[in-house]
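Taking it in order: structure first as structure tokens, then the write-up.
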Amino acid sequence: MGASRQCTPPALICGFLVLDKPAGLSSHGCVARVRRAYGLKRVGHGGTLDPAVTGVLPIALGPATRLLPYLSGNKTYRGVVQLGVRTDSDDLEGEVLERQQPPQLSSTDLQAALEPFRGLIQQRPPAISAVHVNGQRAYKRARAGEHVELQARPVSLHRLELLHWDPVLGRLELEVACSAGTYIRSLARDLGEALGCGGCLAQLQRTEALGFKLEQSVSWEQLEAVPPPALVDPLEALRHLQRHQLTAEALAGWRCGRLQACEPTWPIDAPVVVVGPDGNLAGMARVQASGQLQPRLVLDAAG
């Protein structure tokens, strides 16, 4: 009788893929393609992009899906606003409601018009959006013929820069760094209203999301490669947070949920990355008032 063979378990897939999403695809469709490429069911994206929008779509694989809440929520976009056109969706994908000639504007005029939109503002999401209204997505109600008027909510535009102005076409290009929940379509609509001519979004590309930048992204075509593109290490994605290194002796206790002593200068309730003695991510914790780390997410071989 031959010697028994020991099977080596497959390596745990845990990391982030930064996809440069092409136009015409939904975020859900991108996730399905990544599942097939890596042979993995546990996949999720970090922030929906409309089908017409291109650019950075962070996708978490394996246990990294549980790390999405710990990533930075700020995002950066480059967009083109078309003045003189109003649509039901606040972009050129929607039904045109009104057209008019944009006023004669200089770059100085536009800078003055943009100023009220900088910083913390109240913004009303588009009627055709994924916002929930009485348990149903707003876009489903709007497309069923229902009049949807969403409530304004606070968002922050950390940076709003005018990159280019074409007075002949009535188009301006903007770069916007903003908080999660900001709609660039709403910004285009509201800017058009402020100028008295109406406006909508013509093009949009997300250049940064959850701390990932466009330069890190892989193309749709690269997902066809064998093996598929390498993933971003979770520790790289969490580099903005404090870290606690476990000793070999403390590792077993950590996996059993025991508290760990932390640095006295760390703020209470702050998230902390916990690194195992092998240098790999062991999980996430939060600082307690007692000066100890309370385990919130424990990663092991099973994720």
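Labels used: A, B, ... for chains in the order of the structure tokens, numbers from 1 for residues in each chain, and numbers from 1 for ligands as shown.
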- Spatial neighbours of segment 210-218 of chain A, max dist 6 Å, only C-alpha atoms, sep filter under 3 positions, as a ChimeraX atom specification: /A:18-20,56,71-73,207
Residues at most 8 Å from Ala64 of chain A, counting only C-alpha atoms, excluding those fewer than 2 positions away in the same chain, as a count of residues only? 10
Check: Got a sec: who's within 6 Å of segment 149-153 of chain A, counting only C-alpha atoms, leaving out chain neighbours fewer than 6 positions off, as a list in words?
Finding: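 Final neighbour list, sorted by chain and number: Gln122, Gln123 and Arg124 of chain A.
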So how far away is atom CA of Thr76 of chain A from atom CA of Leu169 of chain A, in Å?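 Distance between the two atoms: 24.7 Å.
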Report as JSON lines the residues of segment 181-282 of chain A within 10 Å of segment 77-89 of chain A, each with its shortest atom pair and distance in Å (one decimal), using only C-alpha atoms, ordered by chain and increasing residue number.
```
{"residue": "A:Ile184", "atom": "CA", "partner": "A:Gly79", "partner_atom": "CA", "distance": 7.7}
{"residue": "A:Arg185", "atom": "CA", "partner": "A:Ser89", "partner_atom": "CA", "distance": 8.0}
{"residue": "A:Ser186", "atom": "CA", "partner": "A:Ser89", "partner_atom": "CA", "distance": 9.3}
{"residue": "A:Leu187", "atom": "CA", "partner": "A:Val81", "partner_atom": "CA", "distance": 8.9}
{"residue": "A:Ala188", "atom": "CA", "partner": "A:Val81", "partner_atom": "CA", "distance": 5.7}
{"residue": "A:Arg189", "atom": "CA", "partner": "A:Arg86", "partner_atom": "CA", "distance": 7.4}
{"residue": "A:Leu191", "atom": "CA", "partner": "A:Leu83", "partner_atom": "CA", "distance": 8.5}
{"residue": "A:Gly192", "atom": "CA", "partner": "A:Leu83", "partner_atom": "CA", "distance": 5.9}
{"residue": "A:Glu193", "atom": "CA", "partner": "A:Arg86", "partner_atom": "CA", "distance": 9.3}
{"residue": "A:Leu195", "atom": "CA", "partner": "A:Leu83", "partner_atom": "CA", "distance": 8.7}
{"residue": "A:Gly196", "atom": "CA", "partner": "A:Gly84", "partner_atom": "CA", "distance": 8.7}
{"residue": "A:Cys197", "atom": "CA", "partner": "A:Gly84", "partner_atom": "CA", "distance": 4.9}
{"residue": "A:Gly198", "atom": "CA", "partner": "A:Gly84", "partner_atom": "CA", "distance": 5.0}
{"residue": "A:Gly199", "atom": "CA", "partner": "A:Leu83", "partner_atom": "CA", "distance": 4.3}
{"residue": "A:Cys200", "atom": "CA", "partner": "A:Gln82", "partner_atom": "CA", "distance": 5.4}
{"residue": "A:Leu201", "atom": "CA", "partner": "A:Val81", "partner_atom": "CA", "distance": 4.6}
{"residue": "A:Ala202", "atom": "CA", "partner": "A:Val80", "partner_atom": "CA", "distance": 5.3}
{"residue": "A:Gln203", "atom": "CA", "partner": "A:Val80", "partner_atom": "CA", "distance": 5.0}
{"residue": "A:Leu204", "atom": "CA", "partner": "A:Gly79", "partner_atom": "CA", "distance": 4.2}
{"residue": "A:Gln205", "atom": "CA", "partner": "A:Arg78", "partner_atom": "CA", "distance": 5.3}
{"residue": "A:Arg206", "atom": "CA", "partner": "A:Tyr77", "partner_atom": "CA", "distance": 4.3}
{"residue": "A:Thr207", "atom": "CA", "partner": "A:Tyr77", "partner_atom": "CA", "distance": 5.4}
{"residue": "A:Glu208", "atom": "CA", "partner": "A:Tyr77", "partner_atom": "CA", "distance": 7.0}
{"residue": "A:Ala209", "atom": "CA", "partner": "A:Tyr77", "partner_atom": "CA", "distance": 9.0}
```
_With DSSP run on the backbone, what are the strand (DSSP E) residues within segment 176-229 of chain A? I'd like them as a list in words._
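Secondary structure check on segment 176-229 of chain A, strand (DSSP E): Val176, Ala177, Cys178, Gly199, Cys200, Leu201, Ala202, Gln203, Leu204, Gln205, Arg206, Thr207, Glu208, Ala209, Phe212 and Lys213 of chain A.
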Using only C-alpha atoms, determine which residues lie at most 7 Å from Ala282 of chain A, disregarding the query and same-chain residues fewer than 5 positions distant; provide the list as number ranges by chain.
A: 274-276, 298-300
Students should find that atom CA of Ser106 of chain A and atom CA of Pro167 of chain A are spaced 8.0 Å
| request: Select from segment 188-261 of chain A everything DSSP, run on the backbone, classes as alpha helix (DSSP H), then give the selection as a PyMOL selection string. | output: chain A and resi 188-195+234-237+248-255
- Query: Taking into account only C-alpha atoms, which residue in the set A:Ser156, A:Ala37, A:Pro22, A:Gly253 is nearest to Pro229 of chain A?
  - Reply: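 Between A:Ser156, A:Ala37, A:Pro22, A:Gly253, the residue approaching Pro229 of chain A most closely is A:Ala37.
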The residue from A:Ala127, A:Ala23, A:Val226, A:Leu114 with the smallest atom-to-atom distance to Tyr38 of chain A, counting only C-alpha atoms, is A:Val226
| task | Compare A:Ile121, A:Asn280, A:Asp190, A:Leu40 by their minimum atom-to-atom distance to Asp90 of chain A, counting only C-alpha atoms, and give me the closest one. | result |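 Closest residue, counting only C-alpha atoms: A:Asp190.
Using only C-alpha atoms, the shortest contact distance between Ala52 of chain A and any of A:Gly24, A:Gly39, A:Gly119, A:Pro69 is found at A:Gly24.
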- Query: Looking at only C-alpha atoms, which of A:Pro271, A:Pro277, A:Pro295, A:Gly55 is the one that sits closest to Arg255 of chain A?
  - Reply: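 That would be A:Pro295, the residue with the smallest distance to Arg255 of chain A.
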